[in-house]
Every structure is written in structure tokens, then in C-alpha cells.
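Report on the structure given below.
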Amino acid sequence: MSSNLHLWLRHEARPTERRTPIVPADARRLVEHGVTLTVEESPQRIFPIEEYEAAGCRTAPAGSWTSAPRDAVVVGLKELPDEPAALEHRHVFFGHAYKGQPGAGALLRRFAAGGGTLLDLEYLTDEQGRRLAAFGFWAGYLGAALAVLQHRGRLTAPLTPTTREELDARLRPADGEEEVTALVIGALGRSGRGARAAFAAAGIEPTCWDLAETRDLDRPALLAHQVMVNAVLATTPVPPFLREEDLDDPARRLRTLCDVTCDVGSPLNVLPVYDRTTDWDEPVRPLRKEPPLDLIAIDNLPSLLPRESSTDFSAALLPHLLTLDAGDGGPWDRCLDRFRRACRELGVGRGAPGAAEAEEEGTSVEEGTSHG
Ligand SMILES: NC(=O)c1ccc[n+]([C@@H]2O[C@H](COP(=O)([O-])OP(=O)(O)OC[C@H]3O[C@@H](n4cnc5c(N)ncnc54)[C@H](O)[C@@H]3O)[C@@H](O)[C@H]2O)c1
């Protein structure tokens with residue numbers, strides 16, 4: 001089988017990111033389908049480069065995507081390094097650039113400057129708008145697991161990647177352990193299901209809220225839970241679940257808050273009670289001292305279970321990578337439309353100030369999409 005598709009799996013710039021969107025077993029299937037797959041060396045990726053070589057992939061030094069052939073599609077997960085200023089390729093990754101997040105405009109301008117395209121994995125959807133490949137389950141699983149460990153005084157920092165077996169062993173309740181009241185919001189989603197699974201592993205039966213239960217938000221009921229995991233995917237602004245004054249409510253029993261959603265800085269944020277995420281070195285930040293309220297808001301939770309989360313994600317992504325150049329009005333075209341819309345909304349693209357260089361070279365965001 002032959003294909004003109006050249007995928008370039010990049011090294012992740014973030015040192016704690018051990019996941020990959022393509023695992024070696026799926027790399028082999030891509031190669032068998034005639035796809036050219038170049039894999040960058042990456043010291044932290046959970047799968048060693050030798051497994052990709054054995055699967056028939058080419059290899060390249062970390063970060064060399066910047067000089068990849070122009071028609072190669074650069075595939076990754078999280079943020080690009082700050083350089084180069086102009087992005088020429090098609091890029092598949094989570095750009096976090098369409099909800100007004102900090103840095104969103106700067107990223108889109110880099111694409112406009114180079115004539116490249118962002119095919120954002122968050123917007124790879126079916127016709128009903130459902131995500132086709134997502135890490136949500138493991139994000140929710142980790143979020144609830146860390147919240148329980150913190151609540152039971154068993155969370156140790158810094159956090160390090162682990163396996164599900166190890167994590168579940170730590171979650172199992174000790175004899176005579178105090179019962180915990182927990183709440184999952186967004187309980188019907190992927191992260192919500194993961195959170196419920198982790199609570200089950202910890203012997204806790206959480207209250208489950210989704211859209212129906214938050215429409216007329218009962219904040220006193222929310223504050224009556226000791227542990228809360230927020231796992232919503234906000235698409236339209238709603239009243240915040242917690243406000244500063246709720247944290248000072250004397251009736252508050254809430255002690256541990258885990259925000260899996262991590263929309264901090266976005267106008268859609270349902271938890272505007274903190275201004276920056278936490279991380280693996282300092283996973284917990286106190287929001288109140290007396291009585292305590294601890295926050296966990298880590299935006300790369302699934303990386304803590306890199307093997308499990310990469311394997312699930314890659315399996316979901318693989319069939320779509322095989323149709324990346326189909327041009328059939330399918331999910332990738334929807335990604336492209338979303339990118340173009342974001343550029344238009346920002347005034348980036350042909351004729352916009354950020355696109356000056358691209359226009360000089362005779363390319364634009366629109367034309368840049370036809371690479372390869
Ligand atoms: N922290 C991390 O590492 C990490 C990793 C992956 C995903 N995420 C984030 O987690 C969030 C959830 O992702 P997902 O894959 O589970 O999404 P999903 O679409 O599968 O589920 C979201 C759920 O939230 C519900 N919801 C939306 N608005 C709500 C509201 N106002 N009240 C109650 N419920 C509401 C939806 O009905 C749905 O059931 C997203 O914001 C995603 O970006 C974070």
C-alpha cells in the first residue's frame with residue numbers, strides 16, 4: 001500500500017511530557033499502510049526510539065521538525081517551543097488557542113507568519129461534534145486519585161509518572177479509613193467517568209452532577225462535599241461554580257478541590273478562584289488556611305500515566321491519521337475550518353498585520369493548508 005503522507009512525530013518540549021500521540025504498535029500499522037513516519041529522538045518519551053525503528057520508522061534528532069520537508073505533517077501533543085517565530089508546516093497537536101487562552105493570539109500569528117496550519121486535536125470531531133481522540137478518561141482518573149490521596153494525607157511531591165497498578169494500590173482504602181464525601185461535576189463525560197472510576201478504586205461513591213444538576217446551581221450542596229473534582233467541558237459561559245465568597249462560607253466542608261478542566265484565564269472558566277495552575281513539583285496550593293482548602297489544578301494529568309494514556313489515545317487517533325489527506329469533508333476538514341475561523345476572528349490571515357511575511361512569500365494561512 002502506498003501513500004504520499006509524511007508524518008513527523010516530534011519530541012515534546014515540556015520535560016515532564018512522556019506521552020506520545022503515536023505508540024510503536026500503531027506506528028507499525030501506519031508504515032504498513034505506506035505512510036512515511038519520521039520519529040524524533042526524545043529522551044523522555046515513554047516508548048524508546050528503538051521500538052519505532054523496529055516498526056519501520058525513520059528517526060531524526062529532537063526538535064528537527066523545523067527543517068522537515070514542507071509537506072510533512074508535524075504531530076505532537078502539547079505546546080511548541082517558542083522558536084521559530086514563523087510556522088510553515090501543518091501541525092497536529094493541542095493548541096489551546098481558540099478560547100481566548102493566554103498566548104492564543106501569539107500562536108495563531110506564528111502560523112499566519114509562516115503560512116502553516118494548526119489541526120487542533122481538541123477539534124477533531126465527528127459530525128455531532130464529539131471528540132474522536134481524547135485523554136479525558138485518564139485526566140479524570142488522575143485528578144480524582146490525586147484529590148483522594150491529598151485528602152487522606154498521602155500525596156507526596158514531586159509527582160512522578162506511574163502505572164495504574166501502582167496508583168490503584170495507593171488508592172485502596174486502609175482499614176477503618178474515614179468515609180469521604182465527594183462530588184464530580186461533568187460526571188457524564190470522559191474525565192467524569194475516569195474520576196468516578198478512581199473514586200471507586202478508592203472505595204468512595206461520589207455525587208455525580210452534569211448539565212442537568214448545575215443548571216440551577218445549589219452552591220450550599222456543592223460546599224457540603226469534602227472533595228470536589230471539576231471535569232466539565234465548558235462551551236458557553238455559565239455562572240461560576242465557586243466564587244471567592246463561597247470559599248469564606250463558614251458552612252464550607254469542602255477541603256480538596258481538583259480542577260481537571262484547568263480553564264484558568266479563559267472567559268469560560270467555571271472556577272475563577274485561582275489564577276495559575278499547579279504542577280508536578282508543587283501539585284497542591286492552599287486557597288484557604290482556616291478551615292483549609294487545597295487546590296490541585298494540573299494541566300497535564302494523563303502524563304502521569306504515560307503508557308496507558310498514550311496507548312488509548314493512539315488507538316483512537318490511528319484511523320484518522322490514515323485519512324489525513326483524504327480531503328473528504330471529514331474531521332480534518334472540520335479542524336481546518338475551525339482554525340480558519342479562529343484566524344478570522346483574531347484578524348490574522350491574508351491582509352492582517354501578522355501575515356505580512358507570509359504574503360511577501362506568496363503564501364497565506366489559506367494556501368498554507370494545501371501543503372503536501
Ligand atoms: N487537566 C488535564 O490534564 C486535562 C486532560 C484532558 C482533558 N482536560 C479537560 O477536561 C475537560 C473535560 O474533558 P472531557 O474529555 O471529559 O470532556 P467531555 O465532553 O467528555 O465531558 C464534559 C462533560 O461536562 C459536562 N458539562 C459541560 N458543561 C457543564 C456544566 N455547566 N455543568 C455540568 N456539566 C457540564 C458535559 O455535559 C459533559 O458530560 C476539558 O476541559 C478538557 O480540556 C484536562
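A note on labels: chains of the C-alpha cells are A, B, ... as shown, every chain counts residues from 1, and ligands are counted from 1 in their shown order.
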
Q: Please check which protein, DNA or RNA residues sit within 8 Å of ligand 1, counting only C-alpha atoms and all ligand atoms, and write them as a PyMOL selection string.
A: chain A and resi 122+130-131+134-140+143+185-193+209-215+231-236+238+259-263+270+297-303

Using only C-alpha atoms, please write the residues we just selected to a file, as a short mmCIF file (atom, residue, chain, number, x, y, z; two decimals), in the first residue's frame.
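Output file selection-v9.cif is given in full below:
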data_model
loop_
_atom_site.label_atom_id
_atom_site.label_comp_id
_atom_site.auth_asym_id
_atom_site.auth_seq_id
_atom_site.Cartn_x
_atom_site.Cartn_y
_atom_site.Cartn_z
CA GLU A 122 -9.30 19.15 20.53
CA ARG A 130 -17.97 14.55 19.67
CA ARG A 131 -14.22 14.35 20.16
CA ALA A 134 -9.06 12.44 23.88
CA PHE A 135 -7.14 11.88 27.08
CA GLY A 136 -10.10 12.78 29.24
CA PHE A 137 -10.63 9.43 30.95
CA TRP A 138 -7.10 9.30 32.36
CA ALA A 139 -7.16 13.02 33.22
CA GLY A 140 -10.23 12.46 35.35
CA GLY A 143 -7.50 14.13 39.08
CA ILE A 185 -19.09 17.79 38.11
CA GLY A 186 -19.13 16.86 34.43
CA ALA A 187 -19.68 13.30 35.62
CA LEU A 188 -21.09 12.01 32.31
CA GLY A 189 -18.05 13.00 30.25
CA ARG A 190 -14.79 11.17 29.63
CA SER A 191 -12.94 12.84 32.52
CA GLY A 192 -16.00 12.46 34.72
CA ARG A 193 -16.12 8.72 34.04
CA TRP A 209 -23.52 16.17 38.61
CA ASP A 210 -23.66 17.06 34.95
CA LEU A 211 -25.55 19.72 32.97
CA ALA A 212 -28.97 18.95 34.46
CA GLU A 213 -27.73 19.30 38.05
CA THR A 214 -25.82 22.57 37.57
CA ARG A 215 -28.48 24.41 35.58
CA ALA A 231 -14.38 17.77 34.89
CA VAL A 232 -16.69 19.88 32.72
CA LEU A 233 -16.01 20.83 29.15
CA ALA A 234 -17.34 24.38 29.05
CA THR A 235 -18.50 25.58 25.66
CA THR A 236 -20.64 28.56 26.69
CA VAL A 238 -22.15 29.73 32.82
CA ASP A 259 -9.85 21.25 38.67
CA VAL A 260 -9.29 18.83 35.82
CA THR A 261 -10.73 21.32 33.35
CA CYS A 262 -8.00 23.92 34.04
CA ASP A 263 -9.64 26.72 32.03
CA VAL A 270 -16.16 27.92 35.96
CA ALA A 297 -5.01 22.12 39.02
CA ILE A 298 -2.51 20.26 36.87
CA ASP A 299 -2.95 20.60 33.12
CA ASN A 300 -1.02 17.51 32.06
CA LEU A 301 -2.55 14.89 34.32
CA PRO A 302 -2.62 11.98 31.85
CA SER A 303 1.17 12.30 31.52
#

Q | Residues near A:Tyr123, cut-off 10 Å, only C-alpha atoms, skip fewer than 3 positions along chain, as a list in words | A |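 After dropping sequence-adjacent residues, the list is Phe94, Gly95, Tyr98, Leu119, Asp120, Asp126, Gly129, Arg130, Arg131, Leu132, Ala133, Pro331, Trp332, Arg334, Cys335, Leu336, Asp337, Arg338 and Phe339 of chain A.
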
Q: For each of A:Lys78, A:Lys99, A:Arg341, A:Arg252, take the minimum atom-to-atom distance to A:Glu12, counting only C-alpha atoms, then give the residue where this is smallest.
A: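 Looking at the shortest contact to A:Glu12, the residue is A:Lys78.
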
Q. Taking only C-alpha atoms into account, which of A:Arg307, A:Arg344, A:Arg285, A:Arg109 comes nearest A:Glu17?
A.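 Nearest to A:Glu17: A:Arg307.
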
Q.
So that I can check the surroundings of A:Asp168, please list as JSON, numbers by chain every protein, DNA and RNA residue that reaches within 9 Å of it, counting only C-alpha atoms and ignoring chain neighbours fewer than 2 positions away.
A. {"A": [145, 163, 164, 165, 166, 170, 171, 172, 198, 201, 202]}

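Near A:Gln150, within 10 Å and counting only C-alpha atoms, sit Ala144, Ala145, Leu146, Ala147, Val148, Arg152, Gly153, Arg154, Leu155, Thr156, Val227, Arg255, Thr256, Leu257, Pro283, Val284, Asp294, Leu295 and Ile296 of chain A; same-chain residues fewer than 2 positions away were not included.
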
Generate the output file for the selected residues, N, CA and C atoms, as a PDB file, in the first residue's frame.
ATOM      1  N   ALA A 144      -9.047  12.694  40.239  1.00  0.00           N
ATOM      2  CA  ALA A 144      -9.728  12.175  41.432  1.00  0.00           C
ATOM      3  C   ALA A 144      -8.743  11.433  42.328  1.00  0.00           C
ATOM      4  N   ALA A 145      -7.827  10.681  41.713  1.00  0.00           N
ATOM      5  CA  ALA A 145      -6.857   9.920  42.515  1.00  0.00           C
ATOM      6  C   ALA A 145      -5.989  10.862  43.349  1.00  0.00           C
ATOM      7  N   LEU A 146      -5.487  11.926  42.740  1.00  0.00           N
ATOM      8  CA  LEU A 146      -4.627  12.868  43.477  1.00  0.00           C
ATOM      9  C   LEU A 146      -5.426  13.574  44.570  1.00  0.00           C
ATOM     10  N   ALA A 147      -6.692  13.905  44.250  1.00  0.00           N
ATOM     11  CA  ALA A 147      -7.522  14.576  45.252  1.00  0.00           C
ATOM     12  C   ALA A 147      -7.733  13.666  46.465  1.00  0.00           C
ATOM     13  N   VAL A 148      -7.996  12.391  46.210  1.00  0.00           N
ATOM     14  CA  VAL A 148      -8.207  11.450  47.328  1.00  0.00           C
ATOM     15  C   VAL A 148      -6.914  11.302  48.138  1.00  0.00           C
ATOM     16  N   ARG A 152      -6.479  12.323  52.025  1.00  0.00           N
ATOM     17  CA  ARG A 152      -6.123  11.324  53.049  1.00  0.00           C
ATOM     18  C   ARG A 152      -4.702  11.524  53.569  1.00  0.00           C
ATOM     19  N   GLY A 153      -4.064  12.648  53.162  1.00  0.00           N
ATOM     20  CA  GLY A 153      -2.724  12.959  53.675  1.00  0.00           C
ATOM     21  C   GLY A 153      -1.650  12.054  53.122  1.00  0.00           C
ATOM     22  N   ARG A 154      -1.878  11.488  51.926  1.00  0.00           N
ATOM     23  CA  ARG A 154      -0.932  10.516  51.378  1.00  0.00           C
ATOM     24  C   ARG A 154      -0.289  10.970  50.079  1.00  0.00           C
ATOM     25  N   LEU A 155      -0.468  12.245  49.733  1.00  0.00           N
ATOM     26  CA  LEU A 155       0.106  12.706  48.462  1.00  0.00           C
ATOM     27  C   LEU A 155       1.522  13.211  48.711  1.00  0.00           C
ATOM     28  N   THR A 156       2.475  12.677  47.970  1.00  0.00           N
ATOM     29  CA  THR A 156       3.850  13.128  48.129  1.00  0.00           C
ATOM     30  C   THR A 156       4.314  13.821  46.852  1.00  0.00           C
ATOM     31  N   VAL A 227     -14.580  16.644  49.005  1.00  0.00           N
ATOM     32  CA  VAL A 227     -13.680  16.607  47.852  1.00  0.00           C
ATOM     33  C   VAL A 227     -14.510  16.899  46.604  1.00  0.00           C
ATOM     34  N   ARG A 255     -12.742  20.637  51.302  1.00  0.00           N
ATOM     35  CA  ARG A 255     -11.342  20.754  51.730  1.00  0.00           C
ATOM     36  C   ARG A 255     -10.361  20.548  50.573  1.00  0.00           C
ATOM     37  N   THR A 256     -10.784  19.775  49.572  1.00  0.00           N
ATOM     38  CA  THR A 256      -9.873  19.465  48.469  1.00  0.00           C
ATOM     39  C   THR A 256     -10.613  19.660  47.152  1.00  0.00           C
ATOM     40  N   LEU A 257     -10.039  20.545  46.313  1.00  0.00           N
ATOM     41  CA  LEU A 257     -10.654  20.874  45.037  1.00  0.00           C
ATOM     42  C   LEU A 257      -9.680  20.498  43.934  1.00  0.00           C
ATOM     43  N   PRO A 283       2.138  20.128  43.494  1.00  0.00           N
ATOM     44  CA  PRO A 283       0.810  19.808  42.960  1.00  0.00           C
ATOM     45  C   PRO A 283      -0.342  20.485  43.710  1.00  0.00           C
ATOM     46  N   VAL A 284      -0.071  20.910  44.947  1.00  0.00           N
ATOM     47  CA  VAL A 284      -1.154  21.421  45.789  1.00  0.00           C
ATOM     48  C   VAL A 284      -0.859  22.853  46.217  1.00  0.00           C
ATOM     49  N   ASP A 294      -7.545  23.021  49.745  1.00  0.00           N
ATOM     50  CA  ASP A 294      -6.389  22.772  48.886  1.00  0.00           C
ATOM     51  C   ASP A 294      -6.820  22.641  47.437  1.00  0.00           C
ATOM     52  N   LEU A 295      -6.013  23.242  46.570  1.00  0.00           N
ATOM     53  CA  LEU A 295      -6.292  23.187  45.135  1.00  0.00           C
ATOM     54  C   LEU A 295      -5.272  22.302  44.430  1.00  0.00           C
ATOM     55  N   ILE A 296      -5.781  21.454  43.537  1.00  0.00           N
ATOM     56  CA  ILE A 296      -4.917  20.739  42.587  1.00  0.00           C
ATOM     57  C   ILE A 296      -5.432  21.117  41.206  1.00  0.00           C
TER      58      ILE A 296
END

Q | d(atom CA of A:Arg253, atom CA of A:Pro267) in Å | A |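 Computing it gives 27.4 Å between the two atoms.
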
(Q) Which residue is closest to A:Glu244? Choose from A:Val273, A:Leu222, A:Leu217, A:Leu268 and count only C-alpha atoms. (A) A:Val273

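Here the question is which of A:Thr38, A:Gln101, A:Thr311, A:Asn4 gets nearest to A:Asp71 using only C-alpha atoms, and that residue is A:Asn4.
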
Q | Those of stretch 183-328 of chain A in DSSP helix (DSSP H, G or I), formatted as a PyMOL selection string | A | chain A and resi 190-201+211-214+219-223+244-247+301-304+306-321

Save out the residues we just selected, N, CA and C atoms, as a compact mmCIF listing (two decimals), in the first residue's frame.
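Result went into selection.txt, see below:
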# COMPACT_ATOMS: atom_id res chain seq x y z
N ARG A 190 -15.94 12.09 29.55
CA ARG A 190 -14.79 11.17 29.63
C ARG A 190 -14.03 11.34 30.94
N SER A 191 -13.68 12.60 31.28
CA SER A 191 -12.94 12.84 32.52
C SER A 191 -13.80 12.45 33.71
N GLY A 192 -15.09 12.79 33.62
CA GLY A 192 -16.00 12.46 34.72
C GLY A 192 -16.05 10.96 34.96
N ARG A 193 -16.09 10.19 33.88
CA ARG A 193 -16.12 8.72 34.04
C ARG A 193 -14.81 8.24 34.65
N GLY A 194 -13.70 8.85 34.21
CA GLY A 194 -12.41 8.48 34.79
C GLY A 194 -12.37 8.80 36.28
N ALA A 195 -12.89 9.98 36.64
CA ALA A 195 -12.91 10.38 38.06
C ALA A 195 -13.74 9.39 38.87
N ARG A 196 -14.88 8.99 38.32
CA ARG A 196 -15.73 8.04 39.05
C ARG A 196 -15.02 6.70 39.22
N ALA A 197 -14.29 6.28 38.20
CA ALA A 197 -13.55 5.01 38.28
C ALA A 197 -12.48 5.08 39.38
N ALA A 198 -11.79 6.23 39.47
CA ALA A 198 -10.75 6.35 40.50
C ALA A 198 -11.38 6.40 41.90
N PHE A 199 -12.49 7.12 42.02
CA PHE A 199 -13.17 7.14 43.32
C PHE A 199 -13.59 5.72 43.70
N ALA A 200 -14.09 4.96 42.72
CA ALA A 200 -14.49 3.57 43.01
C ALA A 200 -13.28 2.77 43.50
N ALA A 201 -12.12 2.98 42.85
CA ALA A 201 -10.91 2.26 43.27
C ALA A 201 -10.51 2.64 44.69
N LEU A 211 -24.82 18.50 33.37
CA LEU A 211 -25.55 19.72 32.97
C LEU A 211 -26.86 19.91 33.73
N ALA A 212 -27.64 18.83 33.85
CA ALA A 212 -28.97 18.95 34.46
C ALA A 212 -28.86 19.45 35.91
N GLU A 213 -27.84 18.97 36.62
CA GLU A 213 -27.73 19.30 38.05
C GLU A 213 -27.09 20.67 38.31
N THR A 214 -26.44 21.26 37.31
CA THR A 214 -25.82 22.57 37.57
C THR A 214 -26.62 23.72 36.96
N ARG A 219 -25.14 25.88 45.41
CA ARG A 219 -23.77 26.01 45.95
C ARG A 219 -23.64 25.45 47.37
N PRO A 220 -24.66 25.65 48.25
CA PRO A 220 -24.53 25.03 49.57
C PRO A 220 -24.34 23.51 49.47
N ALA A 221 -25.07 22.86 48.55
CA ALA A 221 -24.90 21.40 48.38
C ALA A 221 -23.49 21.09 47.89
N LEU A 222 -23.00 21.92 46.97
CA LEU A 222 -21.63 21.73 46.46
C LEU A 222 -20.63 21.83 47.62
N LEU A 223 -20.80 22.86 48.44
CA LEU A 223 -19.83 23.13 49.53
C LEU A 223 -19.91 22.10 50.65
N GLU A 244 -15.09 33.65 45.17
CA GLU A 244 -14.27 33.93 46.36
C GLU A 244 -15.11 33.84 47.63
N GLU A 245 -16.32 34.43 47.60
CA GLU A 245 -17.12 34.47 48.83
C GLU A 245 -17.55 33.07 49.27
N ASP A 246 -17.65 32.12 48.33
CA ASP A 246 -18.02 30.75 48.71
C ASP A 246 -16.90 30.09 49.53
N LEU A 247 -15.64 30.46 49.19
CA LEU A 247 -14.52 29.87 49.93
C LEU A 247 -14.53 30.33 51.38
N LEU A 301 -2.32 16.05 33.46
CA LEU A 301 -2.55 14.89 34.32
C LEU A 301 -2.29 13.54 33.65
N PRO A 302 -2.80 13.32 32.42
CA PRO A 302 -2.62 11.98 31.85
C PRO A 302 -1.15 11.60 31.67
N SER A 303 -0.26 12.61 31.66
CA SER A 303 1.17 12.30 31.52
C SER A 303 1.69 11.51 32.72
N LEU A 304 0.92 11.54 33.80
CA LEU A 304 1.34 10.77 34.97
C LEU A 304 1.11 9.26 34.77
N PRO A 306 1.71 7.68 31.53
CA PRO A 306 2.02 7.90 30.12
C PRO A 306 1.76 6.70 29.22
N ARG A 307 2.00 5.50 29.74
CA ARG A 307 1.84 4.33 28.87
C ARG A 307 0.35 4.07 28.60
N GLU A 308 -0.45 4.06 29.65
CA GLU A 308 -1.88 3.77 29.48
C GLU A 308 -2.55 4.84 28.63
N SER A 309 -2.23 6.11 28.93
CA SER A 309 -2.95 7.18 28.23
C SER A 309 -2.49 7.29 26.77
N SER A 310 -1.20 7.08 26.51
CA SER A 310 -0.72 7.13 25.11
C SER A 310 -1.34 6.00 24.30
N THR A 311 -1.40 4.83 24.88
CA THR A 311 -1.90 3.66 24.16
C THR A 311 -3.36 3.87 23.76
N ASP A 312 -4.18 4.36 24.68
CA ASP A 312 -5.61 4.60 24.37
C ASP A 312 -5.76 5.70 23.33
N PHE A 313 -4.99 6.77 23.51
CA PHE A 313 -5.12 7.91 22.60
C PHE A 313 -4.70 7.53 21.19
N SER A 314 -3.57 6.86 21.09
CA SER A 314 -3.02 6.47 19.80
C SER A 314 -4.00 5.55 19.06
N ALA A 315 -4.62 4.65 19.79
CA ALA A 315 -5.57 3.72 19.15
C ALA A 315 -6.75 4.49 18.57
N ALA A 316 -7.18 5.54 19.26
CA ALA A 316 -8.31 6.33 18.77
C ALA A 316 -7.90 7.21 17.58
N LEU A 317 -6.64 7.68 17.60
CA LEU A 317 -6.18 8.61 16.57
C LEU A 317 -5.83 7.90 15.26
N LEU A 318 -5.31 6.67 15.39
CA LEU A 318 -4.76 5.96 14.22
C LEU A 318 -5.67 5.97 12.99
N PRO A 319 -6.95 5.55 13.10
CA PRO A 319 -7.76 5.52 11.87
C PRO A 319 -7.90 6.88 11.21
N HIS A 320 -7.83 7.93 12.00
CA HIS A 320 -7.97 9.28 11.44
C HIS A 320 -6.67 9.76 10.79
N LEU A 321 -5.53 9.35 11.36
CA LEU A 321 -4.25 9.69 10.72
C LEU A 321 -4.20 9.08 9.32
